[in-house]
Each structure stands twice: as C-alpha cells, then as structure tokens.
$ cat run_34.txt   # compact mmCIF, C-alpha atoms and all ligand atoms
# COMPACT_ATOMS: atom_id res chain seq x y z
CA MET A 1 -135.58 -36.89 127.39
CA SER A 2 -137.24 -40.23 126.51
CA ASP A 3 -135.86 -42.45 123.78
CA GLU A 4 -139.01 -41.69 121.70
CA GLN A 5 -138.48 -37.92 122.03
CA ALA A 6 -134.81 -38.21 121.08
CA ARG A 7 -135.57 -40.25 117.94
CA LEU A 8 -138.47 -37.99 116.89
CA GLY A 9 -136.24 -34.94 117.46
CA GLN A 10 -133.56 -36.34 115.12
CA LEU A 11 -136.13 -37.32 112.45
CA ARG A 12 -137.62 -33.82 112.54
CA VAL A 13 -134.17 -32.27 112.09
CA ASP A 14 -133.79 -34.51 109.00
CA ILE A 15 -137.24 -33.47 107.69
CA ASP A 16 -136.43 -29.75 108.18
CA ARG A 17 -133.20 -30.15 106.23
CA LEU A 18 -134.94 -32.08 103.42
CA ASP A 19 -137.74 -29.47 103.25
CA GLN A 20 -135.10 -26.78 102.77
CA GLU A 21 -133.47 -28.80 99.98
CA ILE A 22 -136.84 -29.46 98.31
CA MET A 23 -137.65 -25.73 98.52
CA ASP A 24 -134.30 -24.74 96.99
CA LEU A 25 -134.86 -27.22 94.14
CA ILE A 26 -138.45 -26.06 93.52
CA SER A 27 -137.19 -22.46 93.40
CA LYS A 28 -134.55 -23.43 90.81
CA ARG A 29 -137.25 -25.21 88.80
CA ALA A 30 -139.46 -22.10 88.96
CA GLU A 31 -136.54 -19.96 87.67
CA CYS A 32 -136.17 -22.40 84.74
CA ALA A 33 -139.88 -21.97 83.95
CA GLN A 34 -139.45 -18.16 84.00
CA GLU A 35 -136.55 -18.53 81.56
CA VAL A 36 -138.74 -20.78 79.36
CA ALA A 37 -141.32 -17.96 79.27
CA ARG A 38 -138.65 -15.42 78.18
CA VAL A 39 -137.45 -17.76 75.41
CA LYS A 40 -141.03 -18.27 74.18
CA MET A 41 -141.70 -14.52 74.12
CA GLU A 42 -138.42 -13.65 72.37
CA ALA A 43 -139.06 -16.31 69.71
CA ASN A 44 -142.60 -15.05 69.01
CA PRO A 45 -142.47 -11.24 69.37
CA GLY A 46 -145.88 -9.56 69.25
CA GLU A 47 -147.65 -12.92 68.76
CA ASP A 48 -149.99 -14.96 70.91
CA VAL A 49 -147.57 -17.07 72.97
CA PHE A 50 -148.84 -20.45 74.21
CA PHE A 51 -147.32 -20.79 77.64
CA TYR A 52 -149.41 -23.82 78.60
CA ARG A 53 -148.04 -26.92 76.85
CA PRO A 54 -150.40 -29.87 77.43
CA GLU A 55 -148.14 -32.38 75.62
CA ARG A 56 -145.12 -31.40 77.73
CA GLU A 57 -147.12 -31.56 80.98
CA ALA A 58 -148.38 -35.05 80.08
CA GLN A 59 -144.79 -36.19 79.36
CA VAL A 60 -143.52 -34.77 82.68
CA LEU A 61 -146.34 -36.42 84.69
CA ARG A 62 -145.93 -39.76 82.90
CA ARG A 63 -142.17 -39.75 83.56
CA ILE A 64 -142.77 -38.94 87.25
CA LYS A 65 -145.23 -41.82 87.57
CA GLU A 66 -142.90 -44.26 85.83
CA SER A 67 -139.71 -43.34 87.68
CA ASN A 68 -141.24 -42.80 91.14
CA PRO A 69 -139.21 -44.90 93.62
CA GLY A 70 -141.91 -45.02 96.36
CA PRO A 71 -143.00 -45.29 99.13
CA LEU A 72 -145.50 -42.66 97.88
CA SER A 73 -147.68 -44.04 95.06
CA GLY A 74 -147.11 -42.88 91.47
CA GLU A 75 -150.52 -41.16 91.53
CA GLU A 76 -149.65 -39.25 94.70
CA MET A 77 -146.25 -38.19 93.39
CA ALA A 78 -147.78 -37.03 90.08
CA ARG A 79 -150.38 -35.03 92.04
CA LEU A 80 -147.56 -33.20 93.89
CA PHE A 81 -145.75 -32.44 90.64
CA ARG A 82 -149.06 -31.36 89.09
CA GLU A 83 -149.17 -28.58 91.70
CA ILE A 84 -145.50 -27.64 91.23
CA MET A 85 -146.00 -27.30 87.46
CA SER A 86 -149.21 -25.36 88.01
CA ALA A 87 -147.34 -22.85 90.20
CA CYS A 88 -144.50 -22.63 87.64
CA LEU A 89 -146.97 -21.99 84.80
CA ALA A 90 -148.67 -19.27 86.86
CA LEU A 91 -145.28 -17.50 87.05
CA GLU A 92 -145.05 -17.65 83.25
CA LYS A 93 -148.68 -16.59 82.72
CA PRO A 94 -151.71 -16.86 85.04
CA MET A 95 -154.22 -19.12 83.23
CA HIS A 96 -157.95 -18.34 83.22
CA ILE A 97 -159.97 -21.55 83.07
CA ALA A 98 -163.72 -21.39 82.41
CA PHE A 99 -165.76 -24.31 83.75
CA LEU A 100 -169.37 -25.40 84.05
CA GLY A 101 -170.25 -23.83 87.40
CA PRO A 102 -171.23 -22.77 89.90
CA ILE A 103 -168.30 -22.99 92.31
CA GLY A 104 -168.25 -26.38 94.05
CA THR A 105 -169.29 -28.55 91.06
CA PHE A 106 -167.50 -31.71 89.97
CA THR A 107 -166.40 -29.82 86.84
CA GLN A 108 -164.46 -27.39 89.04
CA ALA A 109 -162.86 -30.37 90.82
CA ALA A 110 -161.91 -31.77 87.38
CA ALA A 111 -160.46 -28.39 86.28
CA LEU A 112 -158.28 -28.21 89.40
CA LYS A 113 -157.23 -31.84 89.03
CA HIS A 114 -156.12 -31.16 85.44
CA PHE A 115 -154.55 -27.69 85.78
CA GLY A 116 -153.61 -27.64 89.51
CA HIS A 117 -154.69 -24.98 92.00
CA SER A 118 -152.62 -22.02 90.69
CA VAL A 119 -155.12 -21.17 87.92
CA VAL A 120 -157.92 -18.62 88.05
CA SER A 121 -161.08 -20.74 87.67
CA VAL A 122 -164.08 -18.95 86.21
CA PRO A 123 -167.55 -20.51 86.83
CA LEU A 124 -170.10 -20.18 84.00
CA PRO A 125 -173.78 -21.16 84.08
CA ALA A 126 -173.96 -23.42 81.00
CA ILE A 127 -171.86 -25.57 78.67
CA ASP A 128 -172.37 -23.20 75.70
CA ALA A 129 -171.26 -20.27 77.87
CA VAL A 130 -167.97 -22.10 78.57
CA PHE A 131 -167.44 -22.55 74.81
CA ARG A 132 -168.22 -18.87 74.14
CA GLU A 133 -165.84 -17.69 76.89
CA VAL A 134 -162.95 -19.62 75.32
CA GLU A 135 -163.91 -18.72 71.72
CA SER A 136 -163.90 -15.02 72.58
CA GLY A 137 -160.48 -15.29 74.26
CA ALA A 138 -161.85 -14.20 77.66
CA ALA A 139 -160.63 -17.54 79.08
CA HIS A 140 -157.53 -19.45 77.94
CA TYR A 141 -159.19 -22.89 78.24
CA GLY A 142 -162.50 -24.41 79.25
CA VAL A 143 -163.54 -27.60 81.06
CA VAL A 144 -166.83 -29.36 80.25
CA PRO A 145 -168.19 -32.84 81.14
CA VAL A 146 -168.51 -35.23 78.18
CA GLU A 147 -169.50 -38.66 79.53
CA ASN A 148 -170.36 -40.53 82.70
CA SER A 149 -169.73 -44.24 83.17
CA THR A 150 -173.24 -44.78 84.58
CA GLU A 151 -175.32 -42.31 82.58
CA GLY A 152 -173.56 -42.14 79.19
CA MET A 153 -172.77 -39.17 76.98
CA ILE A 154 -173.45 -35.52 77.75
CA ASN A 155 -175.05 -34.70 74.43
CA HIS A 156 -174.99 -30.95 74.89
CA THR A 157 -171.18 -31.02 74.90
CA LEU A 158 -170.99 -33.25 71.80
CA ASP A 159 -173.44 -31.03 69.91
CA MET A 160 -171.46 -27.88 70.70
CA PHE A 161 -168.56 -29.22 68.62
CA MET A 162 -170.74 -29.23 65.48
CA SER A 163 -170.64 -25.44 65.34
CA SER A 164 -167.68 -24.42 67.51
CA PRO A 165 -164.20 -23.80 66.07
CA LEU A 166 -162.59 -24.89 69.37
CA LYS A 167 -160.21 -27.82 69.65
CA ILE A 168 -160.04 -30.56 72.27
CA CYS A 169 -156.70 -30.08 74.09
CA GLY A 170 -156.99 -32.71 76.81
CA GLU A 171 -159.14 -34.99 78.90
CA VAL A 172 -159.42 -35.69 82.60
CA GLN A 173 -161.35 -38.36 84.48
CA LEU A 174 -162.80 -37.92 87.94
CA ARG A 175 -164.18 -40.62 90.24
CA ILE A 176 -167.56 -39.25 91.29
CA HIS A 177 -168.64 -39.87 94.87
CA HIS A 178 -172.07 -38.59 95.84
CA HIS A 179 -173.07 -37.97 99.44
CA LEU A 180 -176.39 -37.23 101.12
CA MET A 181 -175.83 -34.10 103.19
CA VAL A 182 -177.69 -31.70 105.48
CA SER A 183 -176.97 -28.45 107.27
CA PRO A 184 -175.82 -28.91 110.90
CA LYS A 185 -178.35 -26.11 111.71
CA HIS A 186 -181.20 -28.44 110.68
CA GLN A 187 -179.76 -31.78 111.88
CA GLY A 188 -182.39 -34.03 113.48
CA GLN A 189 -185.32 -32.60 111.47
CA ASP A 190 -187.31 -34.95 109.23
CA ILE A 191 -186.18 -34.64 105.63
CA VAL A 192 -189.11 -34.00 103.28
CA ARG A 193 -187.18 -33.01 100.16
CA ILE A 194 -183.85 -33.88 98.51
CA TYR A 195 -182.21 -31.54 95.98
CA SER A 196 -179.72 -32.61 93.34
CA HIS A 197 -178.74 -32.41 89.69
CA GLN A 198 -180.63 -34.74 87.36
CA GLN A 199 -177.45 -36.73 86.53
CA SER A 200 -176.69 -37.29 90.23
CA PHE A 201 -180.25 -38.49 90.95
CA ALA A 202 -179.82 -40.95 88.07
CA GLN A 203 -176.47 -42.16 89.43
CA CYS A 204 -177.95 -42.77 92.93
CA ARG A 205 -181.40 -44.05 91.88
CA GLN A 206 -181.21 -47.52 93.48
CA TRP A 207 -179.77 -46.20 96.73
CA LEU A 208 -182.55 -43.61 97.00
CA ASP A 209 -185.25 -46.14 96.19
CA THR A 210 -183.91 -48.42 98.93
CA HIS A 211 -182.95 -45.94 101.64
CA ARG A 212 -185.06 -42.80 101.08
CA TYR A 213 -188.08 -44.14 99.23
CA GLY A 214 -191.01 -41.72 98.96
CA ILE A 215 -189.06 -38.53 99.78
CA GLU A 216 -189.64 -35.80 97.20
CA ARG A 217 -186.71 -35.42 94.73
CA VAL A 218 -186.29 -31.94 93.27
CA THR A 219 -183.97 -31.45 90.30
CA VAL A 220 -181.86 -28.27 90.30
CA SER A 221 -179.24 -26.91 87.88
CA SER A 222 -176.16 -28.26 89.72
CA ASN A 223 -175.05 -30.16 92.81
CA ALA A 224 -173.58 -26.99 94.24
CA GLU A 225 -177.00 -25.29 93.89
CA ALA A 226 -178.54 -28.32 95.67
CA ALA A 227 -176.08 -27.90 98.54
CA ARG A 228 -176.79 -24.15 98.71
CA ARG A 229 -180.53 -24.81 99.07
CA ALA A 230 -180.05 -27.53 101.68
CA ALA A 231 -177.89 -25.11 103.68
CA GLU A 232 -180.78 -22.63 103.78
CA GLU A 233 -184.01 -24.65 103.88
CA PRO A 234 -184.89 -26.68 106.98
CA GLY A 235 -186.20 -30.19 106.26
CA THR A 236 -184.15 -30.57 103.08
CA ALA A 237 -181.01 -32.47 102.11
CA ALA A 238 -178.76 -32.43 99.05
CA ILE A 239 -176.91 -35.02 97.02
CA ALA A 240 -173.56 -33.49 96.05
CA GLY A 241 -169.80 -33.98 96.25
CA ASP A 242 -167.12 -33.07 98.80
CA MET A 243 -166.38 -29.61 97.37
CA ALA A 244 -170.02 -28.51 97.62
CA ALA A 245 -170.31 -29.92 101.18
CA GLU A 246 -167.23 -27.97 102.22
CA LEU A 247 -168.34 -24.79 100.48
CA TYR A 248 -171.74 -24.71 102.23
CA GLY A 249 -170.67 -26.30 105.55
CA LEU A 250 -172.93 -29.35 105.21
CA GLU A 251 -172.59 -32.61 107.13
CA MET A 252 -172.84 -36.10 105.68
CA LEU A 253 -175.83 -38.34 106.43
CA ALA A 254 -174.56 -41.05 104.06
CA THR A 255 -171.37 -41.14 101.98
CA SER A 256 -170.58 -42.63 98.53
CA ILE A 257 -174.21 -43.45 97.71
CA GLU A 258 -173.64 -43.79 93.92
CA ASP A 259 -175.06 -47.09 92.65
CA ARG A 260 -171.89 -48.11 90.81
CA PRO A 261 -168.63 -48.10 92.75
CA ASP A 262 -166.65 -47.16 89.61
CA ASN A 263 -168.85 -44.12 88.82
CA THR A 264 -166.52 -41.86 86.79
CA THR A 265 -167.04 -38.75 84.67
CA ARG A 266 -164.77 -37.78 81.80
CA PHE A 267 -164.23 -34.07 81.10
CA LEU A 268 -162.72 -32.38 78.05
CA ILE A 269 -160.32 -29.45 78.01
CA ILE A 270 -161.22 -27.09 75.16
CA GLY A 271 -158.93 -24.45 73.71
CA ARG A 272 -158.11 -22.47 70.59
CA GLU A 273 -154.97 -24.24 69.40
CA GLU A 274 -153.89 -27.72 68.29
CA VAL A 275 -151.70 -29.77 70.59
CA PRO A 276 -148.49 -31.42 69.30
CA ALA A 277 -147.99 -35.18 69.88
CA SER A 278 -147.02 -36.26 73.40
CA GLY A 279 -146.28 -39.90 72.57
CA ASN A 280 -149.53 -41.32 74.00
CA ASP A 281 -152.44 -39.50 72.39
CA LYS A 282 -156.05 -39.77 71.38
CA SER A 283 -157.98 -37.96 68.63
CA SER A 284 -161.62 -37.00 68.18
CA ILE A 285 -163.53 -36.38 64.96
CA LEU A 286 -167.10 -35.64 63.84
CA VAL A 287 -168.19 -37.31 60.60
CA SER A 288 -171.41 -37.23 58.63
CA MET A 289 -171.84 -39.94 55.99
CA ARG A 290 -174.16 -40.23 53.01
CA ASN A 291 -177.36 -42.05 53.92
CA LYS A 292 -176.72 -45.25 51.90
CA PRO A 293 -176.24 -48.98 52.59
CA GLY A 294 -172.83 -49.81 54.09
CA ALA A 295 -172.09 -46.21 55.15
CA LEU A 296 -171.18 -47.19 58.72
CA TYR A 297 -169.01 -50.04 57.43
CA GLN A 298 -167.18 -47.62 55.11
CA LEU A 299 -166.58 -45.30 58.03
CA LEU A 300 -165.15 -47.99 60.32
CA GLU A 301 -163.24 -50.06 57.79
CA PRO A 302 -160.17 -47.72 57.56
CA PHE A 303 -159.67 -47.99 61.36
CA HIS A 304 -159.56 -51.77 61.09
CA LYS A 305 -157.36 -51.69 58.00
CA HIS A 306 -154.72 -49.44 59.62
CA GLY A 307 -154.93 -51.02 63.09
CA LEU A 308 -156.23 -48.03 65.06
CA SER A 309 -158.26 -48.64 68.23
CA LEU A 310 -161.60 -46.87 68.50
CA THR A 311 -162.33 -45.85 72.09
CA ARG A 312 -165.81 -44.44 71.45
CA ILE A 313 -168.38 -43.97 68.72
CA GLU A 314 -171.61 -42.05 69.32
CA THR A 315 -174.42 -41.11 66.96
CA ARG A 316 -176.06 -37.68 67.15
CA PRO A 317 -178.89 -36.28 65.01
CA SER A 318 -177.46 -33.96 62.35
CA PRO A 319 -178.53 -30.30 62.51
CA SER A 320 -178.79 -30.39 58.69
CA GLY A 321 -181.85 -32.63 58.30
CA THR A 322 -184.37 -35.10 59.71
CA TRP A 323 -183.03 -38.69 60.03
CA ALA A 324 -179.52 -37.62 59.07
CA TYR A 325 -176.77 -38.48 61.58
CA VAL A 326 -173.36 -37.33 62.69
CA PHE A 327 -170.85 -39.75 64.23
CA TYR A 328 -168.65 -38.60 67.08
CA ILE A 329 -165.54 -40.84 67.17
CA ASP A 330 -162.60 -41.08 69.60
CA PHE A 331 -159.59 -43.20 68.67
CA GLU A 332 -156.01 -43.75 69.77
CA GLY A 333 -153.26 -41.87 67.92
CA HIS A 334 -152.35 -38.31 66.91
CA VAL A 335 -153.17 -36.58 63.61
CA ASP A 336 -149.43 -36.31 62.94
CA ASP A 337 -149.09 -40.16 62.99
CA ALA A 338 -148.83 -41.65 59.48
CA GLN A 339 -151.53 -44.26 60.19
CA VAL A 340 -153.95 -41.64 61.48
CA SER A 341 -153.52 -39.37 58.48
CA LYS A 342 -154.15 -42.36 56.14
CA VAL A 343 -157.37 -43.21 58.02
CA LEU A 344 -158.54 -39.60 57.95
CA SER A 345 -157.89 -39.15 54.23
CA GLU A 346 -159.77 -42.39 53.44
CA ILE A 347 -162.75 -41.28 55.55
CA ASP A 348 -162.61 -37.83 53.93
CA GLU A 349 -163.12 -39.43 50.49
CA GLU A 350 -166.41 -41.01 51.57
CA ALA A 351 -167.77 -38.54 54.11
CA VAL A 352 -170.15 -35.63 53.49
CA GLU A 353 -168.21 -33.80 56.17
CA LEU A 354 -165.24 -34.59 58.38
CA LYS A 355 -164.35 -32.26 61.23
CA ARG A 356 -161.12 -32.79 63.18
CA LEU A 357 -161.80 -31.89 66.80
CA GLY A 358 -158.21 -32.33 67.92
CA SER A 359 -155.53 -34.71 69.10
CA TYR A 360 -154.56 -34.57 72.77
CA PRO A 361 -152.66 -36.52 75.46
CA ILE A 362 -154.54 -39.46 77.02
CA GLY A 363 -155.38 -38.38 80.59
CA VAL A 364 -152.45 -39.06 82.95
CA LEU A 365 -153.92 -38.24 86.38
O1 LIG B 1 -141.80 -26.67 79.11
C1 LIG B 1 -142.47 -25.64 78.99
O2 LIG B 1 -142.83 -25.18 77.88
C2 LIG B 1 -142.84 -24.87 80.20
O3 LIG B 1 -143.46 -23.85 80.07
C3 LIG B 1 -142.50 -25.41 81.56
C4 LIG B 1 -143.67 -26.12 82.22
C5 LIG B 1 -143.12 -26.81 83.52
O4 LIG B 1 -143.27 -26.24 84.58
O5 LIG B 1 -142.56 -27.90 83.39
C6 LIG B 1 -144.72 -25.15 82.58
C7 LIG B 1 -145.85 -24.99 81.81
C8 LIG B 1 -146.14 -25.77 80.63
O6 LIG B 1 -147.48 -26.07 80.53
C9 LIG B 1 -145.31 -26.98 80.54
C10 LIG B 1 -144.20 -27.15 81.31

$ encode --input "run_34.txt" --output "structure tokens" --more "lines below"
Ligand SMILES: O=C(O)C(=O)C[C@]1(C(=O)O)C=C[C@@H](O)C=C1
Amino acid sequence: MSDEQARLGQLRVDIDRLDQEIMDLISKRAECAQEVARVKMEANPGEDVFFYRPEREAQVLRRIKESNPGPLSGEEMARLFREIMSACLALEKPMHIAFLGPIGTFTQAAALKHFGHSVVSVPLPAIDAVFREVESGAAHYGVVPVENSTEGMINHTLDMFMSSPLKICGEVQLRIHHHLMVSPKHQGQDIVRIYSHQQSFAQCRQWLDTHRYGIERVTVSSNAEAARRAAEEPGTAAIAGDMAAELYGLEMLATSIEDRPDNTTRFLIIGREEVPASGNDKSSILVSMRNKPGALYQLLEPFHKHGLSLTRIETRPSPSGTWAYVFYIDFEGHVDDAQVSKVLSEIDEEAVELKRLGSYPIGVL
C-alpha cells in the first residue's frame, strides 16, 4: 500500500466516524423539533398552530454565521443548517409554499433558498394567484418578487398589498445570473429567435445589443417558459437561469450575460400572521397622505426625528382617485420597538390611511 493510500484510508475512517456523529446529532435535533411541535399543539388545542417561526429561524441562522469557526464560510454553513431546519420543520408540519411559477423560475429558487428543500413548492401562474392561494389557506406562505437591482420595483406586487390582508413575513435576496442556452438537439443551427421574460431581456439589453444584435427577441411569461420553448423549437435559444436549464436539459452558449454583475432580485414571503421581533428586523407600510403642500415632508419627518433608517420609499398611483398617491415605505425596526410605534402613531395622525404590512427579519441568507 502506498503512503498516499494509507493516509487517505485513515482520513476516510475519520470522515466515516464524524459522519456517524453528525447523523446522531441531527437525529437528536430532529427529535427536539418533534417535541417542540407537541408542546405547541398542547398549548393551543384546536387552534391554528404556527409551526414555522421566521424570527427563530433568522436567529438560528445568524448565530450559526457568527459562531462558525471555518474553514467553511459562514454563508455555506448557514446554507447547511437551512436544510437541517427545513427537514426538522417538515417533521413538525409539511409546509406548502406557493410561488410565482412555473417550475424552474428564479422565484422557485428564492423559495427554496428561504425555506430549504423540504417544503412542498406550489407553482402558480401570476402574482395575484399567489396572494389568493395564501389568503384562502390553501398554501401556508407565498413567495413573490418585489424589486430588482437593475430594473426597479415590481409594481404588481406592491399594488397587491393595497387590497390584500396578508402580512410580509420575510424577505430573501437572490443573485440573478442569466445565461443564453440552447437544446443540445439543435446545437450548431443558426439562432433566429431568443425567448425570455421581459425583465430578463431588460437586464441583458447591452449584452444582447453587442453580441446578438438583430436577432428577434420574443417576450414570454417566464424564463422557464422560454427554456421550454427553446428545448422544442429548432433555431431558437432562451435566456434563463440554472434551474430552467437543468429542468429542460439545455446547454449554455454564454453564461452570466446580465449587464450588471451585482444583478439581484429581492423577494417577499407573504403569510397570514404577524412575526414577533427577531432582533434585526425591518417593517413595511403603505401610506396615503392628503394632497397638500409639505405632505411628503410630514410623512418623512417622524423617521428623522426618531432616528429610524428608511431603506426604500416608492410612490404608486392610488386606486381611490386620479393624481392621488400611495407611498410604499420600508424601514429598519419592528412594530414592537418603542421608536417605531412613536413614528407610526405620528404618521397616523397626518395620514388619510396607514396600512401596516408587517415587520419581519432582515434576510440572513
Ligand atoms: O423553535 C421552534 O419553534 C421550532 O419549531 C424548531 C425549528 C428548528 O428546527 O430549529 C423548526 C421550525 C421553526 O420554523 C423554527 C425552528
């Protein structure tokens, strides 16, 4: 036996022993989660029990990232624990997560990043359908895109909050890499048409103008639909992400063709209940003000006065009248914080309407 074989043999014995220890510990952790489920059910007999605890999950993942000794990165370690918690939660209660489909979209990738792979993910054809599925109780939570770093806000999602009773329970960010892909069946053929979603075309505009100028661009309802068409139609390609490429067996002609290297989309988790404070939270509100001089100043002044950071403010046309506006505002803090409740009561005094959309942990992964 060579020296290399002897050393590898010993290291693999060590790895086998450690795997056994890790497995025993994960099993003990899973038993704890089962016990947690029993305690929750006994304490709330006959009631809707909330097994998923977003604030607790955020605290666990933050602690893992902070105390991780290496050599794996904090992100990588948190990703592993994300999956362990996902499997533990599935033992307590299998979660049904509605997302903007079809299967293979970036929204599905965001849902799996946030909840882990042990959930049942349910694709729906439109953002309002995701809201309805959660409102009716058919799904426990929903995942919808809300903003992209290149293209800005997804207005349809913002507008849904004007009428929906749902709460924002979390957020997750996903780096978006777009690839130009074709079916291996049609490799080598001239490409006469490229399919993609309108947002993806916008995020790759400069690359397309430089590298595929003059080729017809056809907008379809999702990247996954683009990939499905490219898999079937000779002479076509799709711009989509890794999940769609894998799903339809496409091969890459060019990878990461988005114009901005930091292209990121933020998604919201929507649910039916409010989330307690996790220690590092954000809140979202919708406000409509009277149409008078200084209205915007009056809206923003309490944030300045009480030292709260605004992370976003967007204006949307109000459904109640022409040239009337609603402000969608994200800021740091939780509604249970004293400063936040002072700000909200001051805004409430001046506003025509103030709707609290929820407080939720700032995305950890
Ligand atoms: O602490 C809880 O309430 C649990 O249910 C346990 C646990 C976990 O595995 O750590 C599982 C699911 C929840 O979403 C949060 C945490």

$ closest_residue --input "run_34.txt" --among "A:Leu100, A:Ala351, A:Ala138, A:Val13" --to "A:Ala224" --atoms "only C-alpha atoms"
A:Leu100

$ residues_near_ligand --input "run_34.txt" --ligand "ligand LIG 1 (chain B)" --cutoff "6 Å" --atoms "only C-alpha atoms and all ligand atoms" --output "VMD selection string"
chain A and resid 33 36 51 to 54 56 to 57 85 88 to 89

$ write_last_selection --input "run_34.txt" --atoms "C-alpha atoms" --output "JSON list (two decimals), in the coordinates of the input"
[["chain", "number", "residue", "atom", "x", "y", "z"],
["A", 33, "ALA", "CA", -139.88, -21.97, 83.95],
["A", 36, "VAL", "CA", -138.74, -20.78, 79.36],
["A", 51, "PHE", "CA", -147.32, -20.79, 77.64],
["A", 52, "TYR", "CA", -149.41, -23.82, 78.60],
["A", 53, "ARG", "CA", -148.04, -26.92, 76.85],
["A", 54, "PRO", "CA", -150.40, -29.87, 77.43],
["A", 56, "ARG", "CA", -145.12, -31.40, 77.73],
["A", 57, "GLU", "CA", -147.12, -31.56, 80.98],
["A", 85, "MET", "CA", -146.00, -27.30, 87.46],
["A", 88, "CYS", "CA", -144.50, -22.63, 87.64],
["A", 89, "LEU", "CA", -146.97, -21.99, 84.80]]

$ atom_distance --input "run_34.txt" --atom1 "atom CA of A:Leu174" --atom2 "atom CA of A:Ala110"
6.2 Å

$ atom_distance --input "run_34.txt" --atom1 "atom CA of A:Leu354" --atom2 "atom CA of A:Asp336"
16.5 Å

$ residues_around --input "run_34.txt" --residues "stretch 63-78 of chain A" --least-positions-apart "5" --cutoff "12 Å" --atoms "all atoms listed in the file" --output "PyMOL selection string"
chain A and resi 56-58+83-86+113-114+116+278-279+364-365

$ atom_distance --input "run_34.txt" --atom1 "atom CA of A:Ser149" --atom2 "atom CA of A:Ser200"
12.1 Å

$ closest_residue --input "run_34.txt" --among "A:Ala338, A:Val134, A:Leu112, A:Ala30" --to "A:Arg272" --atoms "only C-alpha atoms"
A:Val134

$ closest_residue --input "run_34.txt" --among "A:Lys167, A:His96, A:Arg316, A:His179" --to "A:Ala139" --atoms "all atoms listed in the file"
A:His96

$ closest_residue --input "run_34.txt" --among "A:Thr219, A:Ser318, A:Ser164, A:Thr311" --to "A:Arg132" --atoms "only C-alpha atoms"
A:Ser164
